[in-house]
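Student: Input coords00.csv, format and content: CSV, C-alpha atoms and all ligand atoms.
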```csv
chain,number,residue,atom,x,y,z
A,1,MET,CA,130.9,36.6,70.7
A,2,THR,CA,132.9,35.8,67.5
A,3,ARG,CA,133.1,32.2,68.5
A,4,LEU,CA,129.4,32.2,69.1
A,5,LEU,CA,128.8,33.6,65.6
A,6,PHE,CA,131.1,31.0,64.1
A,7,PHE,CA,129.2,28.2,65.8
A,8,ALA,CA,125.9,29.8,64.5
A,9,ILE,CA,127.3,29.7,61.0
A,10,VAL,CA,128.4,26.1,61.4
A,11,LEU,CA,125.1,25.0,62.9
A,12,LEU,CA,122.7,26.9,60.8
A,13,GLY,CA,124.6,27.8,57.6
A,14,THR,CA,126.1,24.4,56.8
A,15,PRO,CA,122.8,22.5,56.6
A,16,SER,CA,121.4,24.9,54.1
A,17,LEU,CA,124.6,24.6,52.1
A,18,LEU,CA,124.2,20.8,52.2
A,19,ALA,CA,120.5,21.1,51.3
A,20,ALA,CA,121.5,23.2,48.3
A,21,GLN,CA,124.0,20.6,47.2
A,22,ASP,CA,121.4,17.8,47.7
A,23,ASN,CA,119.0,19.7,45.7
A,24,GLU,CA,121.5,20.2,42.9
A,25,ALA,CA,122.3,16.5,42.9
A,26,PHE,CA,118.6,15.7,42.8
A,27,GLN,CA,118.1,18.0,39.9
A,28,ARG,CA,120.9,16.3,38.0
A,29,ARG,CA,119.3,12.9,38.7
A,30,LEU,CA,115.9,14.2,37.6
A,31,GLU,CA,117.4,15.4,34.4
A,32,ALA,CA,119.1,12.1,33.8
A,33,SER,CA,115.9,10.3,34.5
A,34,ARG,CA,114.2,12.4,31.8
A,35,LYS,CA,116.5,11.0,29.1
A,36,THR,CA,114.7,7.7,29.2
A,37,GLU,CA,111.1,9.1,29.4
A,38,VAL,CA,109.2,8.4,26.2
A,39,TRP,CA,106.2,10.7,25.6
A,40,GLU,CA,105.2,9.9,22.1
A,41,PRO,CA,103.1,8.2,20.9
A,42,VAL,CA,100.3,8.8,23.4
A,43,PRO,CA,98.3,5.6,23.8
A,44,PRO,CA,94.7,6.2,22.6
A,45,VAL,CA,92.1,6.2,25.3
A,46,VAL,CA,89.9,3.1,25.1
A,47,THR,CA,86.9,2.5,27.2
A,48,PRO,CA,87.0,-1.0,28.5
A,49,GLY,CA,83.9,-3.1,28.2
A,50,LEU,CA,81.9,-3.9,31.2
A,51,TRP,CA,82.6,-7.5,32.2
A,52,THR,CA,83.2,-9.3,28.9
A,53,LEU,CA,81.6,-6.8,26.6
A,54,PRO,CA,84.0,-5.7,23.8
A,55,PRO,CA,86.1,-2.6,24.4
A,56,SER,CA,85.3,0.4,22.3
A,57,ASP,CA,87.9,-0.2,19.6
A,58,ALA,CA,87.3,-4.0,19.0
A,59,ILE,CA,85.9,-5.5,15.9
A,60,VAL,CA,82.9,-7.5,16.9
A,61,LEU,CA,82.9,-10.9,15.1
A,62,PHE,CA,79.9,-12.3,16.8
A,63,ASP,CA,77.5,-10.6,19.3
A,64,GLY,CA,74.6,-13.1,18.9
A,65,SER,CA,72.8,-11.3,16.2
A,66,GLY,CA,74.0,-13.1,13.1
A,67,LEU,CA,76.9,-14.5,11.1
A,68,ASP,CA,77.6,-11.5,8.8
A,69,GLN,CA,81.3,-11.6,9.6
A,70,TRP,CA,81.6,-15.3,8.8
A,71,GLU,CA,81.6,-17.7,5.9
A,72,SER,CA,82.3,-21.3,5.2
A,73,VAL,CA,85.9,-22.1,4.4
A,74,ASP,CA,85.0,-22.6,0.7
A,75,GLY,CA,83.5,-19.2,0.5
A,76,GLY,CA,79.7,-19.8,0.9
A,77,PRO,CA,77.5,-18.6,3.8
A,78,ALA,CA,78.5,-19.9,7.2
A,79,PRO,CA,76.4,-23.0,7.8
A,80,TRP,CA,76.5,-23.2,11.6
A,81,GLN,CA,73.4,-22.4,13.7
A,82,VAL,CA,72.6,-19.3,15.7
A,83,THR,CA,70.1,-20.0,18.4
A,84,GLU,CA,69.1,-17.5,21.0
A,85,GLY,CA,72.2,-15.5,20.4
A,86,VAL,CA,74.6,-18.5,20.6
A,87,LEU,CA,76.6,-19.9,17.7
A,88,VAL,CA,76.7,-23.7,17.6
A,89,VAL,CA,78.9,-25.9,15.5
A,90,LYS,CA,76.7,-27.8,13.0
A,91,ALA,CA,78.5,-31.2,12.8
A,92,GLY,CA,79.6,-32.2,9.4
A,93,THR,CA,79.2,-28.8,7.7
A,94,GLY,CA,82.9,-28.0,8.1
A,95,ASP,CA,84.9,-25.2,9.6
A,96,ILE,CA,83.8,-21.5,9.4
A,97,GLN,CA,86.1,-18.5,9.0
A,98,THR,CA,85.9,-14.7,9.2
A,99,ARG,CA,85.4,-12.7,6.1
A,100,MET,CA,88.1,-10.3,7.3
A,101,ALA,CA,91.8,-11.3,7.5
A,102,PHE,CA,94.0,-10.6,10.5
A,103,GLY,CA,97.7,-10.8,11.5
A,104,ASP,CA,98.7,-9.8,15.1
A,105,VAL,CA,95.7,-9.7,17.3
A,106,GLN,CA,94.1,-9.7,20.7
A,107,LEU,CA,91.1,-12.1,20.5
A,108,HIS,CA,88.4,-12.7,23.0
A,109,ILE,CA,86.1,-15.7,22.5
A,110,GLU,CA,83.7,-17.6,24.8
A,111,TRP,CA,82.8,-21.2,24.4
A,112,LYS,CA,80.8,-24.0,26.0
A,113,THR,CA,81.0,-27.7,25.5
A,114,PRO,CA,77.9,-30.0,25.5
A,115,VAL,CA,76.5,-31.3,28.8
A,116,ASP,CA,75.8,-34.7,27.3
A,117,THR,CA,79.1,-36.4,27.6
A,118,ALA,CA,77.8,-40.0,27.6
A,119,GLY,CA,80.1,-42.4,25.8
A,120,ARG,CA,82.4,-39.6,24.9
A,121,GLU,CA,86.0,-39.4,26.1
A,122,GLY,CA,89.3,-37.8,25.3
A,123,GLN,CA,89.4,-35.9,22.0
A,124,ALA,CA,85.8,-36.9,21.3
A,125,ARG,CA,84.3,-34.8,24.1
A,126,GLY,CA,83.5,-31.2,23.2
A,127,ASN,CA,86.2,-30.8,20.5
A,128,SER,CA,86.5,-27.7,18.4
A,129,GLY,CA,89.3,-25.2,17.9
A,130,VAL,CA,90.3,-21.6,17.4
A,131,PHE,CA,92.7,-21.3,14.5
A,132,LEU,CA,94.5,-18.0,14.3
A,133,MET,CA,95.2,-17.2,10.7
A,134,GLY,CA,93.3,-20.4,9.9
A,135,LEU,CA,96.6,-22.3,10.7
A,136,TYR,CA,97.6,-22.1,14.4
A,137,GLU,CA,95.2,-23.8,16.8
A,138,VAL,CA,94.3,-23.2,20.4
A,139,GLN,CA,92.5,-26.4,21.3
A,140,VAL,CA,88.8,-26.2,22.4
A,141,LEU,CA,87.9,-29.4,24.4
A,142,ASP,CA,86.0,-30.5,27.4
A,143,SER,CA,89.0,-31.1,29.6
A,144,TYR,CA,87.0,-31.1,32.9
A,145,ARG,CA,87.9,-34.5,34.3
A,146,ASN,CA,88.6,-35.8,30.9
A,147,ARG,CA,92.1,-37.0,30.3
A,148,THR,CA,93.7,-36.9,26.9
A,149,TYR,CA,97.2,-36.2,25.7
A,150,SER,CA,98.4,-33.0,27.5
A,151,ASN,CA,99.4,-31.2,24.4
A,152,GLY,CA,95.9,-31.8,23.0
A,153,GLN,CA,93.8,-30.8,26.0
A,154,ALA,CA,91.8,-27.5,26.3
A,155,GLY,CA,94.0,-24.5,25.9
A,156,ALA,CA,96.9,-26.5,24.3
A,157,ILE,CA,98.6,-24.9,21.3
A,158,TYR,CA,97.7,-28.2,19.7
A,159,LYS,CA,100.5,-30.7,19.6
A,160,GLN,CA,103.0,-28.0,20.4
A,161,HIS,CA,102.5,-26.5,23.9
A,162,ILE,CA,100.9,-27.9,27.0
A,163,PRO,CA,98.8,-25.3,29.0
A,164,LEU,CA,100.5,-24.2,32.2
A,165,VAL,CA,97.4,-25.3,34.2
A,166,ASN,CA,94.0,-26.8,33.5
A,167,ALA,CA,91.6,-24.0,34.1
A,168,CYS,CA,88.6,-25.8,32.6
A,169,ARG,CA,85.0,-25.3,33.8
A,170,PRO,CA,82.6,-28.2,33.7
A,171,PRO,CA,80.7,-28.9,30.4
A,172,GLY,CA,77.6,-26.7,30.0
A,173,GLU,CA,79.3,-23.6,31.6
A,174,TRP,CA,80.7,-20.7,29.6
A,175,GLN,CA,84.4,-20.4,29.4
A,176,SER,CA,86.7,-17.8,27.8
A,177,TYR,CA,89.9,-17.5,25.9
A,178,ASP,CA,91.8,-14.3,25.7
A,179,ILE,CA,94.5,-14.8,23.1
A,180,ILE,CA,97.4,-12.5,22.1
A,181,PHE,CA,98.8,-13.8,18.9
A,182,THR,CA,101.8,-12.5,17.0
A,183,ALA,CA,101.9,-13.6,13.4
A,184,PRO,CA,105.0,-15.1,11.9
A,185,ARG,CA,107.2,-12.9,9.7
A,186,PHE,CA,108.7,-14.3,6.5
A,187,GLY,CA,111.5,-13.0,4.4
A,188,ALA,CA,111.2,-12.3,0.7
A,189,ASP,CA,112.9,-15.7,0.1
A,190,GLY,CA,110.2,-17.4,2.2
A,191,SER,CA,112.5,-18.0,5.2
A,192,VAL,CA,111.1,-17.5,8.7
A,193,GLU,CA,112.3,-14.2,10.0
A,194,GLN,CA,110.3,-14.4,13.2
A,195,PRO,CA,108.1,-17.3,14.3
A,196,ALA,CA,104.5,-16.8,15.6
A,197,PHE,CA,103.9,-16.4,19.4
A,198,PHE,CA,100.9,-17.1,21.7
A,199,THR,CA,100.0,-15.7,25.0
A,200,VAL,CA,96.7,-17.2,26.3
A,201,PHE,CA,94.4,-16.7,29.2
A,202,HIS,CA,91.8,-19.4,29.9
A,203,ASN,CA,88.9,-18.2,32.1
A,204,GLY,CA,91.3,-15.3,33.1
A,205,VAL,CA,94.1,-17.7,34.1
A,206,LEU,CA,97.4,-17.5,32.2
A,207,ILE,CA,98.1,-20.8,30.4
A,208,HIS,CA,100.7,-19.7,27.8
A,209,ASN,CA,103.2,-16.9,28.3
A,210,HIS,CA,104.6,-15.8,25.0
A,211,VAL,CA,105.3,-19.3,23.7
A,212,GLU,CA,106.9,-19.8,20.3
A,213,VAL,CA,104.9,-21.6,17.6
A,214,LYS,CA,106.8,-24.2,15.6
A,215,GLY,CA,104.6,-24.0,12.5
A,216,PRO,CA,101.0,-24.5,11.4
A,217,THR,CA,99.1,-27.0,13.5
A,218,VAL,CA,99.3,-30.6,12.3
A,219,TRP,CA,97.7,-33.7,13.6
A,220,ILE,CA,100.4,-36.0,12.3
A,221,GLY,CA,104.1,-35.3,12.0
A,222,GLU,CA,106.1,-32.3,12.8
A,223,PRO,CA,104.9,-28.7,12.2
A,224,LYS,CA,106.8,-26.8,9.5
A,225,TYR,CA,106.4,-23.2,8.4
A,226,ALA,CA,105.5,-22.3,4.9
A,227,PRO,CA,105.3,-18.7,3.9
A,228,HIS,CA,101.8,-17.2,3.8
A,229,PRO,CA,100.2,-13.7,3.6
A,230,ASP,CA,100.5,-11.2,6.5
A,231,LYS,CA,96.8,-11.5,7.2
A,232,LEU,CA,94.5,-14.5,7.0
A,233,PRO,CA,91.0,-15.3,8.3
A,234,LEU,CA,90.3,-16.6,11.8
A,235,ARG,CA,88.8,-20.1,11.7
A,236,LEU,CA,86.6,-22.1,14.0
A,237,GLN,CA,86.8,-25.9,13.8
A,238,ASP,CA,83.9,-28.3,13.2
A,239,HIS,CA,85.2,-31.4,14.9
A,240,GLY,CA,81.8,-33.1,15.0
A,241,ASN,CA,80.7,-31.9,18.4
A,242,PRO,CA,78.0,-29.2,19.0
A,243,VAL,CA,80.3,-26.7,20.8
A,244,ALA,CA,78.7,-23.3,21.4
A,245,TYR,CA,80.4,-19.9,20.9
A,246,ARG,CA,79.4,-16.4,21.9
A,247,ASN,CA,80.9,-12.9,22.4
A,248,ILE,CA,83.7,-13.0,19.9
A,249,TRP,CA,85.7,-9.9,19.4
A,250,ILE,CA,89.1,-9.0,18.0
A,251,ARG,CA,91.6,-6.1,18.2
A,252,PRO,CA,94.2,-6.0,15.4
A,253,LEU,CA,97.5,-4.9,16.8
A,254,SER,CA,100.4,-2.7,15.8
A,255,GLY,CA,99.5,-1.8,12.3
A,256,ASN,CA,99.3,-5.3,11.2
B,1,MG,MG,90.3,-29.2,18.0
```
When written as structure tokens, how does the structure in this file appear?
Ligand code: MG
Tutor:
Amino acid sequence: MTRLLFFAIVLLGTPSLLAAQDNEAFQRRLEASRKTEVWEPVPPVVTPGLWTLPPSDAIVLFDGSGLDQWESVDGGPAPWQVTEGVLVVKAGTGDIQTRMAFGDVQLHIEWKTPVDTAGREGQARGNSGVFLMGLYEVQVLDSYRNRTYSNGQAGAIYKQHIPLVNACRPPGEWQSYDIIFTAPRFGADGSVEQPAFFTVFHNGVLIHNHVEVKGPTVWIGEPKYAPHPDKLPLRLQDHGNPVAYRNIWIRPLSGN
């Protein structure tokens, strides 16, 4: 009888003791795991846009209705054309830029290169550009079956980084860039504390993954940083081709 009781304790009692120990160990682990939980700040709730419509907290730079947010680079009204909700480069009138200045941003921009490609090759086919801070260019070009130097094709961080893939659509079709840009940081003495960085999606495809920018875009020679303000206007390039733009919105990031 006693022996039976003993076995009963061994068989039934021990598992519950083990379970209690397991539970205690689990509680300790749970407590340890909480040390690395970060609860503040709470990310604000943002309603994403449908398809490519801007999310609720974006600054809309162009929605088809006008060029209120834009000016020519020398300060006058933006001279490009808006036709049926589409902004088109007016060749020879020069670049345009935003009235507002930006530092770190997420930028969405849609563009379309001309269908008429007759006699146009390389850099002369559908050339424009998106210049973050007016200085750092993501190349806009018709790179659909149109060879040029790789660090100057569509999506290139011009003359600095070749896109990971060529995600170009044919001319006449709308394309998108989603750009995450981190502005450079300069010390009080003008030294570069942190270079600029780009992450870029072309038509939803990743083409740059946090690549380091060597300095402002230059056509000739090596890029070299020079100190500039924390925020500068976004600029679109007139490269002589009637490239079209639509649905441009921007989200300034991290208090900059
Ligand atoms: Mg260009």
Student: Within 12 Å of ligand MG 1 (chain B) (counting all atoms listed in the file), which residues show up? I'd like them as a PyMOL selection string.
Tutor: chain A and resi 95+122-131+135-143+151-159+217-219+235-241+243
Student: If I take atom CA of A:Lys224 and atom CA of A:Thr182, how far is one from the other in Å, to one decimal?
Tutor: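 Taking atom CA of A:Lys224 and atom CA of A:Thr182, their separation equals 16.9 Å.
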Student: Find, counting only C-alpha atoms, the residue in A:Glu40, A:Asp22, A:Asp74, A:Asp178 that gets nearest to A:Pro54.
Tutor: A:Asp178
Student: What separation in Å, quoted to one decimal, exists between atom CA of A:Ile220 and atom CA of A:Gln160?
Tutor: 11.7 Å
Student: Taking into account only C-alpha atoms, which residue in the set A:Gly204, A:Ala25, A:Gly190, A:Arg251 is nearest to A:Ser56?
Tutor: A:Arg251
Student: Please report the interatomic distance between atom CA of A:Ala78 and atom CA of A:Leu234 in Å with one decimal.
Tutor: 13.1 Å
Student: Could the residues of stretch 58-100 of chain A that have an atom at most 10 Å from stretch 245-248 of chain A be listed as a tab-separated table, each with its closest atom pair and the distance in Å to one decimal, counting all atoms listed in the file and ordered by chain and ascending residue number?
Tutor:
```
residue	atom	partner	partner_atom	distance
A:Ala58	CA	A:Ile248	CA	9.7
A:Ile59	CA	A:Ile248	CA	8.8
A:Val60	CA	A:Ile248	CA	6.3
A:Leu61	CA	A:Ile248	CA	5.3
A:Phe62	CA	A:Ile248	CA	5.0
A:Asp63	CA	A:Asn247	CA	5.1
A:Gly64	CA	A:Arg246	CA	6.6
A:Val82	CA	A:Tyr245	CA	9.4
A:Gly85	CA	A:Arg246	CA	7.4
A:Val86	CA	A:Arg246	CA	5.4
A:Leu87	CA	A:Tyr245	CA	5.0
A:Val88	CA	A:Tyr245	CA	6.2
A:Val89	CA	A:Tyr245	CA	8.2
```
Student: Could you write out the selected residues, including C-alpha atoms, as a PDB file, keeping the file's coordinate frame?
Tutor:
```pdb
ATOM      1  CA  ALA A  58      87.300  -4.000  19.000  1.00  0.00           C
ATOM      2  CA  ILE A  59      85.900  -5.500  15.900  1.00  0.00           C
ATOM      3  CA  VAL A  60      82.900  -7.500  16.900  1.00  0.00           C
ATOM      4  CA  LEU A  61      82.900 -10.900  15.100  1.00  0.00           C
ATOM      5  CA  PHE A  62      79.900 -12.300  16.800  1.00  0.00           C
ATOM      6  CA  ASP A  63      77.500 -10.600  19.300  1.00  0.00           C
ATOM      7  CA  GLY A  64      74.600 -13.100  18.900  1.00  0.00           C
ATOM      8  CA  VAL A  82      72.600 -19.300  15.700  1.00  0.00           C
ATOM      9  CA  GLY A  85      72.200 -15.500  20.400  1.00  0.00           C
ATOM     10  CA  VAL A  86      74.600 -18.500  20.600  1.00  0.00           C
ATOM     11  CA  LEU A  87      76.600 -19.900  17.700  1.00  0.00           C
ATOM     12  CA  VAL A  88      76.700 -23.700  17.600  1.00  0.00           C
ATOM     13  CA  VAL A  89      78.900 -25.900  15.500  1.00  0.00           C
TER      14      VAL A  89
END
```
Student: Go through A:Val38, A:Leu30, A:Val205, A:Ala91 and flag the residue nearest A:Asn166, using only C-alpha atoms for the distances.
Tutor: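 Closest to A:Asn166 of all the choices is A:Val205.
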Student: Would you mind telling me which residue in A:Leu18, A:Pro233, A:Pro114, A:Tyr177 lies nearest to A:Thr98 when using all atoms listed in the file?
Tutor: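 Checking each candidate against A:Thr98, we get A:Pro233 as the closest.
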Student: Using only C-alpha atoms, can you tell me which of A:Thr117, A:Ser191, A:Ile162, A:Gly134 comes closest to A:Val73?
Tutor: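 Selected residue with least distance to A:Val73: A:Gly134.
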Student: When you look at A:Lys90 with a cut-off of 7 Å (counting all atoms listed in the file), what residues show up, excluding the ones that are within fewer than 6 positions of it in the same chain? I need them as number ranges by chain.
Tutor: A: 80-81, 242
Student: Taking all atoms listed in the file into account, which of A:Ala244, A:Ser254, A:Ile207, A:Gln194 comes nearest A:Tyr225?
Tutor: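 Of A:Ala244, A:Ser254, A:Ile207, A:Gln194, the one nearest A:Tyr225 is A:Gln194, counting all atoms listed in the file.
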Student: Given the point (89.2, -37.9, 31.4) in the file's coordinates, find the residues that have an atom at most 7 Å from it, counting only C-alpha atoms, and give them as a PyMOL selection string.
Tutor: chain A and resi 121-122+145-148
